[in-house]
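J.: Okay, so here is entry-v1.txt, and as you'll see once you scroll down, it has compact mmCIF, C-alpha atoms.
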```
# COMPACT_ATOMS: atom_id res chain seq x y z
CA MET N 699 82.61 108.04 105.57
CA GLN N 700 82.99 108.67 101.86
CA LEU N 701 85.38 106.73 99.62
CA ARG N 702 85.99 106.58 95.90
CA TYR N 703 85.93 103.35 93.97
CA ALA N 704 87.83 103.65 90.67
CA PHE N 705 87.29 101.26 87.76
CA ARG N 706 88.87 101.08 84.31
CA LEU N 707 86.71 102.13 81.34
CA TYR N 708 87.04 100.91 77.77
CA PRO N 709 85.07 103.27 75.50
CA ASP N 710 84.81 102.54 71.79
CA THR N 711 85.80 104.99 69.05
CA VAL N 712 82.45 106.82 69.00
CA GLN N 713 82.38 107.09 72.78
CA ARG N 714 85.95 108.40 72.85
CA THR N 715 84.91 111.18 70.49
CA ALA N 716 81.89 112.00 72.69
CA LEU N 717 84.08 112.04 75.79
CA ALA N 718 86.61 114.31 74.10
CA ARG N 719 83.76 116.67 73.21
CA ALA N 720 82.52 116.66 76.82
CA PHE N 721 86.05 117.27 78.17
CA GLY N 722 86.46 120.22 75.81
CA CYS N 723 83.08 121.80 76.64
CA ALA N 724 83.72 121.50 80.38
CA ARG N 725 87.14 123.10 79.91
CA VAL N 726 85.67 126.02 77.92
CA VAL N 727 83.01 126.71 80.56
CA PHE N 728 85.64 126.53 83.30
CA ASN N 729 87.86 129.03 81.48
CA ASP N 730 84.93 131.34 80.74
CA ALA N 731 84.01 131.38 84.43
CA VAL N 732 87.59 132.16 85.49
CA ARG N 733 87.74 134.94 82.88
CA ALA N 734 84.43 136.42 84.11
CA ARG N 735 85.67 136.51 87.68
CA GLU N 736 88.98 138.06 86.69
CA ASP N 737 87.18 140.74 84.66
CA ALA N 738 84.99 141.53 87.67
CA ARG N 739 88.05 141.78 89.91
CA ARG N 740 89.82 144.20 87.56
CA ALA N 741 86.67 146.33 87.31
CA GLY N 742 86.34 146.46 91.10
CA GLU N 743 82.97 144.69 91.01
CA SER N 744 81.69 141.84 93.15
CA PHE N 745 82.21 138.33 91.88
CA PRO N 746 79.23 136.97 89.88
CA ALA N 747 77.33 134.15 91.58
CA VAL N 748 77.11 130.65 90.18
CA GLY N 749 73.50 131.17 89.11
CA GLU N 750 74.40 134.30 87.17
CA LEU N 751 77.33 132.57 85.50
CA SER N 752 75.13 129.61 84.61
CA LYS N 753 72.60 131.83 82.80
CA LYS N 754 75.30 133.76 80.96
CA LEU N 755 77.94 131.12 80.16
CA ILE N 756 75.68 128.10 79.55
CA THR N 757 72.03 128.97 78.89
CA ALA N 758 72.63 132.15 76.88
CA ALA N 759 75.85 130.88 75.30
CA LYS N 760 74.04 127.92 73.72
CA GLN N 761 71.92 130.38 71.73
CA THR N 762 74.97 131.97 70.10
CA ALA N 763 76.78 130.71 67.01
CA SER N 764 80.18 130.67 68.73
CA ARG N 765 79.01 128.46 71.64
CA ALA N 766 76.16 126.47 70.07
CA TRP N 767 78.16 123.25 70.42
CA LEU N 768 77.73 123.41 74.21
CA GLY N 769 74.31 121.84 73.66
CA GLU N 770 75.92 118.64 72.38
CA VAL N 771 76.95 117.52 75.88
CA SER N 772 75.07 116.98 79.12
CA SER N 773 74.27 120.23 80.93
CA VAL N 774 75.23 118.61 84.25
CA VAL N 775 78.84 118.39 83.07
CA LEU N 776 78.85 122.14 82.37
CA GLN N 777 77.21 122.96 85.70
CA GLN N 778 79.81 120.92 87.57
CA ALA N 779 82.56 122.88 85.81
CA LEU N 780 81.11 126.06 87.35
CA ARG N 781 81.02 124.33 90.74
CA ASP N 782 84.70 123.50 90.35
CA VAL N 783 85.52 127.17 89.73
CA GLU N 784 83.55 128.18 92.81
CA ALA N 785 85.34 125.58 94.96
CA ALA N 786 88.73 126.65 93.58
CA TYR N 787 88.16 130.30 94.48
CA ARG N 788 86.76 129.36 97.88
CA ASN N 789 89.86 127.32 98.68
CA PHE N 790 92.10 130.11 97.34
CA PHE N 791 90.58 132.76 99.61
CA ALA N 792 90.58 130.39 102.59
CA SER N 793 94.28 129.80 101.97
CA LEU N 794 94.95 133.55 101.87
CA LYS N 795 93.17 134.02 105.21
CA GLY N 796 95.02 131.11 106.80
CA ALA N 797 91.81 129.14 107.32
CA ARG N 798 92.99 126.31 105.07
CA LYS N 799 95.72 123.96 106.24
CA GLY N 800 98.67 123.04 104.08
CA ALA N 801 100.67 124.94 101.51
CA LYS N 802 99.41 128.24 100.13
CA MET N 803 97.15 127.88 97.12
CA GLY N 804 97.31 130.08 94.05
CA ALA N 805 94.40 131.60 92.18
CA PRO N 806 92.60 129.35 89.65
CA ARG N 807 94.26 129.30 86.24
CA PHE N 808 92.96 128.61 82.76
CA LYS N 809 92.93 124.99 81.64
CA SER N 810 94.94 124.22 78.54
CA ARG N 811 93.56 122.21 75.64
CA LYS N 812 97.00 120.57 75.42
CA ASP N 813 96.67 119.12 78.91
CA THR N 814 96.67 115.33 78.59
CA ARG N 815 94.66 114.92 81.82
CA GLN N 816 90.92 115.56 81.60
CA SER N 817 87.82 114.79 83.67
CA ILE N 818 84.09 115.41 83.86
CA ARG N 819 81.62 114.70 86.65
CA PHE N 820 78.05 113.39 86.53
CA THR N 821 75.78 113.79 89.56
CA ALA N 822 72.44 112.10 90.17
CA ASN N 823 70.69 114.83 88.16
CA ALA N 824 72.42 113.54 85.02
CA ARG N 825 70.47 110.26 85.27
CA TRP N 826 73.45 108.07 84.62
CA SER N 827 73.01 104.39 85.42
CA ILE N 828 74.65 100.98 85.45
CA THR N 829 72.97 98.62 83.01
CA ASP N 830 72.06 94.99 83.68
CA SER N 831 75.00 93.91 81.52
CA GLY N 832 77.42 95.90 83.73
CA ARG N 833 78.01 98.87 81.45
CA LEU N 834 78.09 102.49 82.59
CA ASN N 835 75.37 104.41 80.75
CA LEU N 836 76.30 108.10 80.50
CA PRO N 837 74.05 110.79 78.97
CA LYS N 838 74.97 111.72 75.37
CA ILE N 839 77.92 109.32 75.52
CA GLY N 840 76.37 105.86 75.66
CA ALA N 841 76.90 102.60 77.53
CA VAL N 842 80.63 102.33 78.22
CA LYS N 843 82.32 99.02 79.01
CA VAL N 844 83.61 98.79 82.60
CA LYS N 845 86.16 96.41 84.08
CA TRP N 846 84.61 95.67 87.50
CA SER N 847 87.27 94.57 89.99
CA ARG N 848 84.84 94.57 92.94
CA THR N 849 81.17 95.15 93.67
CA LEU N 850 79.93 98.54 94.83
CA PRO N 851 78.78 98.32 98.48
CA SER N 852 76.03 100.92 98.01
CA GLN N 853 74.47 103.22 95.44
CA PRO N 854 77.01 105.86 94.29
CA SER N 855 76.11 109.53 94.60
CA SER N 856 78.20 110.67 91.62
CA VAL N 857 80.65 109.42 89.04
CA THR N 858 83.69 111.17 87.59
CA VAL N 859 85.05 110.06 84.23
CA ILE N 860 88.81 110.59 84.03
CA LYS N 861 91.32 110.36 81.21
CA ASP N 862 94.89 110.27 82.49
CA ALA N 863 98.16 111.18 80.77
CA ALA N 864 98.62 107.58 79.60
CA GLY N 865 95.37 107.72 77.63
CA ARG N 866 93.50 105.44 80.05
CA TYR N 867 89.89 106.07 81.09
CA PHE N 868 88.55 105.58 84.62
CA ALA N 869 85.19 105.89 86.36
CA SER N 870 85.42 107.10 89.96
CA PHE N 871 82.31 106.47 92.07
CA VAL N 872 81.67 108.28 95.39
CA ILE N 873 80.40 105.74 97.94
CA ASP N 874 79.09 106.22 101.48
CA THR N 875 80.38 103.28 103.54
CA ASP N 876 78.42 101.61 106.34
CA PRO N 877 80.22 101.85 109.73
CA ALA N 878 78.53 98.69 111.04
CA THR N 879 79.69 96.66 108.05
CA ASP N 880 83.23 98.07 108.32
CA ALA N 881 83.38 97.14 112.02
CA THR N 882 82.61 93.50 111.24
CA ARG N 883 85.33 93.35 108.58
CA MET N 884 88.04 94.29 111.09
CA PRO N 885 87.49 92.60 114.48
CA ASP N 886 89.11 94.02 117.60
CA THR N 887 92.66 93.05 118.51
CA ASP N 888 95.01 93.89 121.36
CA GLN N 889 98.12 94.36 119.19
CA MET N 890 99.99 97.66 118.91
CA VAL N 891 102.89 98.43 116.61
CA GLY N 892 105.37 101.21 115.94
CA ILE N 893 106.59 101.88 112.40
CA ASP N 894 109.91 103.39 111.41
CA LEU N 895 109.88 104.39 107.73
CA GLY N 896 113.19 104.42 105.89
CA LEU N 897 115.03 103.96 102.61
CA THR N 898 117.18 100.88 103.28
CA HIS N 899 113.98 99.11 104.34
CA PHE N 900 110.62 100.66 103.54
CA ALA N 901 109.39 100.01 107.08
CA ALA N 902 110.76 98.46 110.25
CA LEU N 903 108.17 97.33 112.81
CA SER N 904 108.58 97.29 116.56
CA ASP N 905 108.08 93.50 116.60
CA GLY N 906 111.30 93.07 114.60
CA THR N 907 109.72 92.66 111.15
CA LYS N 908 111.42 94.47 108.29
CA ILE N 909 109.68 95.20 104.99
CA ASP N 910 112.02 95.62 102.03
CA SER N 911 111.67 98.68 99.83
CA PRO N 912 110.52 97.60 96.33
CA ARG N 913 112.18 100.65 94.68
CA PHE N 914 109.77 100.63 91.75
CA LEU N 915 111.22 103.76 90.18
CA ARG N 916 114.82 102.58 90.45
CA ARG N 917 113.97 99.23 88.87
CA ALA N 918 112.23 100.89 85.92
CA GLU N 919 114.79 103.67 85.54
CA LYS N 920 116.60 102.13 82.57
CA LYS N 921 113.38 101.67 80.63
CA LEU N 922 112.20 105.18 81.49
CA LYS N 923 115.47 106.74 80.34
CA ARG N 924 115.25 104.95 77.03
CA ALA N 925 111.65 106.07 76.47
CA GLN N 926 112.43 109.68 77.40
CA ARG N 927 115.46 109.70 75.12
CA GLU N 928 113.28 108.56 72.21
CA LEU N 929 110.73 111.26 73.04
CA SER N 930 113.36 114.02 73.04
CA ARG N 931 114.39 113.09 69.48
CA LYS N 932 110.90 113.35 67.98
CA GLN N 933 109.78 116.51 66.18
CA LYS N 934 107.42 118.65 68.19
CA GLY N 935 103.83 118.47 67.00
CA SER N 936 104.33 115.24 65.06
CA LYS N 937 102.31 112.05 65.49
CA ASN N 938 105.45 110.11 66.34
CA ARG N 939 106.12 112.48 69.23
CA GLU N 940 102.61 111.85 70.58
CA LYS N 941 103.23 108.10 70.36
CA ALA N 942 106.52 108.52 72.22
CA ARG N 943 104.83 110.68 74.84
CA LEU N 944 102.21 108.00 75.45
CA LYS N 945 104.98 105.41 75.82
CA VAL N 946 106.66 107.50 78.52
CA ALA N 947 103.36 108.18 80.30
CA ARG N 948 102.42 104.51 80.32
CA ALA N 949 105.81 103.55 81.73
CA TYR N 950 105.39 106.03 84.58
CA ALA N 951 101.79 104.91 85.13
CA LYS N 952 103.01 101.33 85.53
CA VAL N 953 105.46 102.43 88.23
CA THR N 954 102.79 104.49 89.99
CA ASP N 955 100.25 101.65 89.97
CA ALA N 956 102.76 99.15 91.33
CA ARG N 957 103.74 101.49 94.17
CA LYS N 958 100.10 102.22 94.98
CA GLU N 959 99.25 98.52 95.08
CA PHE N 960 102.18 97.87 97.45
CA HIS N 961 101.03 100.69 99.75
CA HIS N 962 97.44 99.42 99.80
CA GLN N 963 98.38 95.84 100.62
CA LEU N 964 100.81 96.81 103.39
CA SER N 965 98.54 99.44 104.97
CA THR N 966 95.54 97.08 104.97
CA LYS N 967 97.61 94.33 106.62
CA LEU N 968 98.86 96.68 109.35
CA ILE N 969 95.36 98.02 110.02
CA ARG N 970 93.89 94.51 110.15
CA ASP N 971 96.51 93.10 112.54
CA ASN N 972 96.88 96.05 114.96
CA GLN N 973 94.46 98.06 117.06
CA ALA N 974 96.84 101.02 117.42
CA ILE N 975 99.69 102.17 115.18
CA GLY N 976 102.41 104.72 115.83
CA VAL N 977 104.24 106.43 112.98
CA GLU N 978 106.60 109.38 112.59
CA ASP N 979 105.42 112.68 111.11
CA LEU N 980 108.21 112.95 108.53
CA ALA N 981 109.15 116.19 106.77
CA VAL N 982 108.87 114.69 103.28
CA LYS N 983 109.00 118.05 101.49
CA GLY N 984 112.27 118.91 103.20
CA LEU N 985 113.80 115.51 102.50
CA ALA N 986 112.74 115.80 98.85
CA ARG N 987 115.09 118.77 98.47
CA THR N 988 118.18 116.80 99.48
CA ARG N 989 120.42 114.42 97.53
CA LEU N 990 118.04 111.63 98.57
CA ALA N 991 115.14 113.23 96.69
CA LYS N 992 114.66 110.46 94.11
CA SER N 993 114.70 107.71 96.75
CA VAL N 994 112.29 109.66 98.97
CA HIS N 995 109.81 110.13 96.11
CA ASP N 996 110.23 106.49 95.12
CA ALA N 997 109.28 105.35 98.63
CA GLY N 998 106.06 107.42 98.72
CA TRP N 999 105.86 107.83 102.49
CA SER N 1000 103.16 110.52 102.41
CA ALA N 1001 100.79 108.42 100.31
CA PHE N 1002 101.34 105.43 102.61
CA VAL N 1003 100.64 107.40 105.80
CA THR N 1004 97.53 108.93 104.18
CA MET N 1005 96.23 105.40 103.50
CA LEU N 1006 96.86 104.46 107.12
CA GLU N 1007 94.93 107.54 108.26
CA TYR N 1008 91.75 106.98 106.29
CA LYS N 1009 91.74 103.21 106.85
CA ALA N 1010 92.21 103.70 110.60
CA ALA N 1011 89.28 106.13 110.63
CA ARG N 1012 87.16 103.73 108.59
CA TYR N 1013 87.80 100.61 110.67
CA GLY N 1014 87.99 102.20 114.11
CA ARG N 1015 91.72 101.87 114.65
CA THR N 1016 93.97 104.38 116.40
CA LEU N 1017 96.76 106.06 114.45
CA VAL N 1018 99.16 108.26 116.43
CA LYS N 1019 101.74 110.49 114.76
CA ILE N 1020 104.74 111.42 116.88
CA GLY N 1021 106.74 114.59 116.32
CA ARG N 1022 109.38 114.60 113.62
CA PHE N 1023 111.96 115.91 116.11
CA THR N 1024 111.54 112.97 118.50
CA PRO N 1025 115.04 111.38 118.77
CA THR N 1026 113.93 107.83 117.99
CA SER N 1027 117.28 106.89 116.41
CA GLN N 1028 119.33 108.45 119.22
CA THR N 1029 117.54 106.94 122.23
CA CYS N 1030 118.20 103.49 123.68
CA SER N 1031 114.91 101.58 123.77
CA ALA N 1032 116.18 99.46 126.69
CA CYS N 1033 117.27 102.11 129.21
CA GLY N 1034 116.02 105.34 127.63
CA ILE N 1035 119.42 107.06 127.53
CA LYS N 1036 119.99 109.44 124.61
CA ASN N 1037 123.26 108.50 122.90
CA GLY N 1038 123.41 111.39 120.44
CA PRO N 1039 123.06 111.64 116.64
CA LYS N 1040 124.55 109.05 114.33
CA PRO N 1041 125.32 109.14 110.58
CA LEU N 1042 123.12 107.16 108.23
CA ASN N 1043 125.82 104.57 107.52
CA VAL N 1044 125.68 103.41 111.17
CA ARG N 1045 123.08 100.60 111.06
CA GLU N 1046 123.97 99.07 114.46
CA TRP N 1047 125.22 100.67 117.67
CA THR N 1048 125.84 99.75 121.28
CA CYS N 1049 124.37 101.78 124.13
CA THR N 1050 127.11 103.30 126.26
CA ALA N 1051 124.95 103.11 129.39
CA CYS N 1052 123.51 99.58 129.40
CA GLY N 1053 125.63 97.93 126.69
CA THR N 1054 122.66 96.77 124.61
CA LEU N 1055 123.40 96.16 120.93
CA HIS N 1056 120.70 97.86 118.80
CA ASP N 1057 119.66 97.55 115.20
CA ARG N 1058 119.10 101.17 114.20
CA ASP N 1059 115.70 100.70 112.50
CA HIS N 1060 114.29 98.20 115.00
CA ASN N 1061 115.31 100.41 117.92
CA ALA N 1062 113.68 103.43 116.28
CA ALA N 1063 110.44 101.48 115.71
CA ILE N 1064 110.31 100.50 119.39
CA ASN N 1065 110.81 104.14 120.39
CA VAL N 1066 108.05 105.18 117.99
CA LYS N 1067 105.69 102.69 119.63
CA THR N 1068 106.67 103.93 123.10
CA ALA N 1069 106.17 107.58 122.18
CA ALA N 1070 102.84 106.82 120.52
CA GLY N 1071 101.65 104.92 123.60
CA LEU N 1072 102.55 107.88 125.83
CA ALA N 1073 100.71 110.21 123.46
CA VAL N 1074 97.55 108.10 123.60
CA ALA N 1075 97.68 107.89 127.39
CA ALA N 1076 98.26 111.64 127.72
CA CYS N 1077 95.34 112.70 125.58
CA GLY N 1078 93.03 110.06 127.04
CA ALA N 1079 92.05 108.63 123.66
CA PRO N 1080 90.36 105.23 123.70
CA VAL N 1081 91.96 102.28 121.97
CA ARG N 1082 88.98 102.00 119.61
CA PRO N 1083 87.57 105.49 118.92
CA GLY N 1084 84.41 106.23 117.01
CA LEU N 1085 84.56 106.42 113.25
CA VAL N 1086 85.62 109.82 111.96
CA PRO N 1087 84.07 110.86 108.62
CA ALA N 1088 86.78 111.71 106.09
CA GLN N 1089 85.99 114.93 104.24
CA ARG N 1090 87.03 114.23 100.66
CA GLU N 1091 85.62 116.54 98.01
CA GLU N 1092 85.35 115.31 94.44
CA THR N 1093 86.62 118.38 92.58
CA GLY N 1094 86.59 116.72 89.20
CA SER N 1095 89.44 118.87 87.93
CA HIS N 1096 91.91 116.42 86.39
CA GLY N 1097 94.53 113.87 87.24
CA SER N 1098 95.04 110.19 87.81
CA PRO N 1099 92.39 108.09 89.60
CA PRO N 1100 91.41 110.05 92.75
CA GLU N 1101 92.94 108.98 95.99
CA PRO N 1102 92.38 107.04 98.03
CA ARG N 1103 90.86 103.97 96.45
CA ALA N 1104 88.82 101.54 98.47
CA ALA N 1105 90.72 99.20 100.71
```
Now, as a test, write the supplied structure out as structure tokens.
T.:
Amino acid sequence: MQLRYAFRLYPDTVQRTALARAFGCARVVFNDAVRAREDARRAGESFPAVGELSKKLITAAKQTASRAWLGEVSSVVLQQALRDVEAAYRNFFASLKGARKGAKMGAPRFKSRKDTRQSIRFTANARWSITDSGRLNLPKIGAVKVKWSRTLPSQPSSVTVIKDAAGRYFASFVIDTDPATDATRMPDTDQMVGIDLGLTHFAALSDGTKIDSPRFLRRAEKKLKRAQRELSRKQKGSKNREKARLKVARAYAKVTDARKEFHHQLSTKLIRDNQAIGVEDLAVKGLARTRLAKSVHDAGWSAFVTMLEYKAARYGRTLVKIGRFTPTSQTCSACGIKNGPKPLNVREWTCTACGTLHDRDHNAAINVKTAAGLAVAACGAPVRPGLVPAQREETGSHGSPPEPRAA
């Protein structure tokens, strides 16, 4: 399967200027391609192909005075911008036809030069390389310093250079993992576990273990409010406002990184210790529209379950999602009698049928494990299925380091 390994970059002043030039040229080509397609749609003509757009918007544009600066960056960066437009329209039309899962996607929009998130992608044709001294050598940019936190398991197929809202630079490598090597890293086990995700505790396991919720956003809320208050008082367009904006972005990036690290450590531990895992399919979008919205976003359940999914596929574990309407908190795990709904402030209850005293979260985790075991038996899935390749396209649009990172 394919994974992305993200590493921090530290370009010097000259390299930052070259990267800014490459980000701008890729954005201009992207916008020109979107404009060409929109003009064709209004005229009732067929959409121009990528090859036609490449000749018109890159090759011919370099010969004009208004676009001559496109020749100052690698042509691969410009070609990948056209590929991004093609992928965006393909996903948009698939969403309209109902062939794409998830929420409906809108048509591609123009990229703004004021967007603080930028990225460019280099494929093998760009002849980028990693030097003997450990620097990332990029065409027409130079050898950029990299902070290597781990070794790459194989030769990357492409690299995406990303600048996030906090002004940090990252290199994201696409790696094809070896299933045989992954199998040896996670030996077989006979343990199974059910997970009940919540807000009082981040997770309650069917074996009685409870994992406290770190509440990274709540803990940093005072600092964030102060930084945002300072930002609101700065004059728009001033250098002091840009400094205040960076301060806010870095504070939020610190919260995001801490949450992501917590999710990675916990998901890896659960995958390593258990052969099969049961978890609820929570309606996070619906819960995020309630009065608990901030706490729900702070917990990051969706990101955590996504990590469990791709790590289970990578290491040959079984992950079973039970329906969100399964009454795990209403059913007695001892006798199976449904005792009815209970308000959130009820953390313990006694079964009216068998008299068993239940901890709400622990009882729900046991019911999740039971329901997941029934689901596995019903569909006939083996305890250790074959590895399932994870389809993860590297769009190279913009954003923070692409998810998920390597385990």
J.: Find, counting all atoms listed in the file, the residue in N:Asn972, N:Asn789, N:Thr1054, N:Ser847 that gets nearest to Asp886 (chain N).
T.: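 Looking at the shortest contact to Asp886 (chain N), the residue is N:Asn972.
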J.: At a cut-off of 7 Å, using only C-alpha atoms, what residues contact region 903-908 of chain N? Leave out same-chain residues fewer than 4 positions from it and give the result as a ChimeraX atom specification.
T.: /N:891-894,899,1060,1063-1064,1067
J.: What is the CA of Asn1065 (chain N)-CA of Gly1034 (chain N) distance in Å, reported with one decimal?
T.: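 Going from CA of Asn1065 (chain N) over to CA of Gly1034 (chain N), I get 9.0 Å.
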J.: Leaving out region 801-810 of chain N and any residue of its chain fewer than 4 positions from it, which residues lie within 10 Å of it when counting all atoms listed in the file, given as JSON, numbers by chain?
T.: {"N": [722, 724, 725, 726, 728, 729, 730, 731, 732, 733, 736, 782, 783, 784, 785, 786, 787, 788, 789, 790, 791, 792, 793, 794, 795, 796, 814, 815, 816, 1095, 1096]}
J.: Could you tell me how far CA of Phe868 (chain N) lies from CA of Thr711 (chain N), in Å and to one decimal?
T.: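 We find that CA of Phe868 (chain N) and CA of Thr711 (chain N) lie 15.8 Å from each other.
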J.: Rounded to one decimal, what separation in Å do you get between CA of Arg948 (chain N) and CA of Ala779 (chain N)?
T.: 27.6 Å
J.: As a list in words, please: the residues near Asn1061 (chain N) (cut-off 8 Å, all atoms listed in the file, same-chain neighbours under 4 positions excluded).
T.: Ser904, Thr1026, Ser1027, Cys1030, Ser1031, His1056, Asp1057 and Asn1065 of chain N
J.: So that I can check the surroundings of Phe820 (chain N), please list as a VMD selection string every protein, DNA and RNA residue that reaches within 6 Å of it, counting all atoms listed in the file and ignoring chain neighbours fewer than 4 positions away.
T.: chain N and resid 824 856 to 857
J.: Which one is closest to Ala704 (chain N): N:Leu1055, N:Leu751, N:Ala734, N:Leu850? Count only C-alpha atoms.
T.: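 Using only C-alpha atoms, Ala704 (chain N) sits closest to N:Leu850.
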J.: Could you add N, CA, C and O atoms to region 725-743 of chain N and give me the result as a PDB file, in the coordinates of the input?
T.:
```pdb
ATOM      1  N   ARG N 725      85.974 122.221  79.800  1.00  0.00           N
ATOM      2  CA  ARG N 725      87.140 123.100  79.910  1.00  0.00           C
ATOM      3  C   ARG N 725      86.814 124.525  79.469  1.00  0.00           C
ATOM      4  O   ARG N 725      87.238 125.501  80.108  1.00  0.00           O
ATOM      5  N   VAL N 726      86.030 124.683  78.402  1.00  0.00           N
ATOM      6  CA  VAL N 726      85.670 126.020  77.920  1.00  0.00           C
ATOM      7  C   VAL N 726      84.822 126.756  78.950  1.00  0.00           C
ATOM      8  O   VAL N 726      85.048 127.946  79.232  1.00  0.00           O
ATOM      9  N   VAL N 727      83.849 126.078  79.541  1.00  0.00           N
ATOM     10  CA  VAL N 727      83.010 126.710  80.560  1.00  0.00           C
ATOM     11  C   VAL N 727      83.833 127.093  81.782  1.00  0.00           C
ATOM     12  O   VAL N 727      83.656 128.165  82.370  1.00  0.00           O
ATOM     13  N   PHE N 728      84.754 126.221  82.163  1.00  0.00           N
ATOM     14  CA  PHE N 728      85.640 126.530  83.300  1.00  0.00           C
ATOM     15  C   PHE N 728      86.451 127.789  83.017  1.00  0.00           C
ATOM     16  O   PHE N 728      86.526 128.697  83.858  1.00  0.00           O
ATOM     17  N   ASN N 729      87.049 127.862  81.835  1.00  0.00           N
ATOM     18  CA  ASN N 729      87.860 129.030  81.480  1.00  0.00           C
ATOM     19  C   ASN N 729      87.017 130.294  81.364  1.00  0.00           C
ATOM     20  O   ASN N 729      87.461 131.374  81.761  1.00  0.00           O
ATOM     21  N   ASP N 730      85.811 130.174  80.837  1.00  0.00           N
ATOM     22  CA  ASP N 730      84.930 131.340  80.740  1.00  0.00           C
ATOM     23  C   ASP N 730      84.566 131.866  82.124  1.00  0.00           C
ATOM     24  O   ASP N 730      84.483 133.086  82.343  1.00  0.00           O
ATOM     25  N   ALA N 731      84.344 130.956  83.070  1.00  0.00           N
ATOM     26  CA  ALA N 731      84.010 131.380  84.430  1.00  0.00           C
ATOM     27  C   ALA N 731      85.188 132.063  85.108  1.00  0.00           C
ATOM     28  O   ALA N 731      85.024 133.076  85.805  1.00  0.00           O
ATOM     29  N   VAL N 732      86.382 131.520  84.918  1.00  0.00           N
ATOM     30  CA  VAL N 732      87.590 132.160  85.490  1.00  0.00           C
ATOM     31  C   VAL N 732      87.784 133.540  84.868  1.00  0.00           C
ATOM     32  O   VAL N 732      88.100 134.514  85.574  1.00  0.00           O
ATOM     33  N   ARG N 733      87.580 133.645  83.558  1.00  0.00           N
ATOM     34  CA  ARG N 733      87.740 134.940  82.880  1.00  0.00           C
ATOM     35  C   ARG N 733      86.706 135.950  83.378  1.00  0.00           C
ATOM     36  O   ARG N 733      87.031 137.133  83.581  1.00  0.00           O
ATOM     37  N   ALA N 734      85.469 135.513  83.610  1.00  0.00           N
ATOM     38  CA  ALA N 734      84.430 136.420  84.110  1.00  0.00           C
ATOM     39  C   ALA N 734      84.760 136.931  85.498  1.00  0.00           C
ATOM     40  O   ALA N 734      84.548 138.114  85.804  1.00  0.00           O
ATOM     41  N   ARG N 735      85.299 136.074  86.334  1.00  0.00           N
ATOM     42  CA  ARG N 735      85.670 136.510  87.680  1.00  0.00           C
ATOM     43  C   ARG N 735      86.867 137.450  87.652  1.00  0.00           C
ATOM     44  O   ARG N 735      86.912 138.427  88.427  1.00  0.00           O
ATOM     45  N   GLU N 736      87.826 137.171  86.793  1.00  0.00           N
ATOM     46  CA  GLU N 736      88.980 138.060  86.690  1.00  0.00           C
ATOM     47  C   GLU N 736      88.581 139.421  86.147  1.00  0.00           C
ATOM     48  O   GLU N 736      89.099 140.460  86.596  1.00  0.00           O
ATOM     49  N   ASP N 737      87.664 139.458  85.184  1.00  0.00           N
ATOM     50  CA  ASP N 737      87.180 140.740  84.660  1.00  0.00           C
ATOM     51  C   ASP N 737      86.461 141.536  85.747  1.00  0.00           C
ATOM     52  O   ASP N 737      86.615 142.766  85.841  1.00  0.00           O
ATOM     53  N   ALA N 738      85.683 140.851  86.577  1.00  0.00           N
ATOM     54  CA  ALA N 738      84.990 141.530  87.670  1.00  0.00           C
ATOM     55  C   ALA N 738      85.983 142.062  88.698  1.00  0.00           C
ATOM     56  O   ALA N 738      85.795 143.151  89.254  1.00  0.00           O
ATOM     57  N   ARG N 739      87.043 141.325  88.938  1.00  0.00           N
ATOM     58  CA  ARG N 739      88.050 141.780  89.910  1.00  0.00           C
ATOM     59  C   ARG N 739      88.765 143.028  89.397  1.00  0.00           C
ATOM     60  O   ARG N 739      88.975 143.980  90.149  1.00  0.00           O
ATOM     61  N   ARG N 740      89.130 143.032  88.121  1.00  0.00           N
ATOM     62  CA  ARG N 740      89.820 144.200  87.560  1.00  0.00           C
ATOM     63  C   ARG N 740      88.911 145.433  87.546  1.00  0.00           C
ATOM     64  O   ARG N 740      89.390 146.552  87.729  1.00  0.00           O
ATOM     65  N   ALA N 741      87.611 145.214  87.353  1.00  0.00           N
ATOM     66  CA  ALA N 741      86.670 146.330  87.310  1.00  0.00           C
ATOM     67  C   ALA N 741      86.247 146.781  88.711  1.00  0.00           C
ATOM     68  O   ALA N 741      85.500 147.761  88.830  1.00  0.00           O
ATOM     69  N   GLY N 742      86.709 146.083  89.731  1.00  0.00           N
ATOM     70  CA  GLY N 742      86.340 146.460  91.100  1.00  0.00           C
ATOM     71  C   GLY N 742      84.928 146.064  91.464  1.00  0.00           C
ATOM     72  O   GLY N 742      84.364 146.594  92.422  1.00  0.00           O
ATOM     73  N   GLU N 743      84.332 145.122  90.742  1.00  0.00           N
ATOM     74  CA  GLU N 743      82.970 144.690  91.010  1.00  0.00           C
ATOM     75  C   GLU N 743      82.979 143.407  91.837  1.00  0.00           C
ATOM     76  O   GLU N 743      84.002 142.729  91.972  1.00  0.00           O
TER      77      GLU N 743
END
```
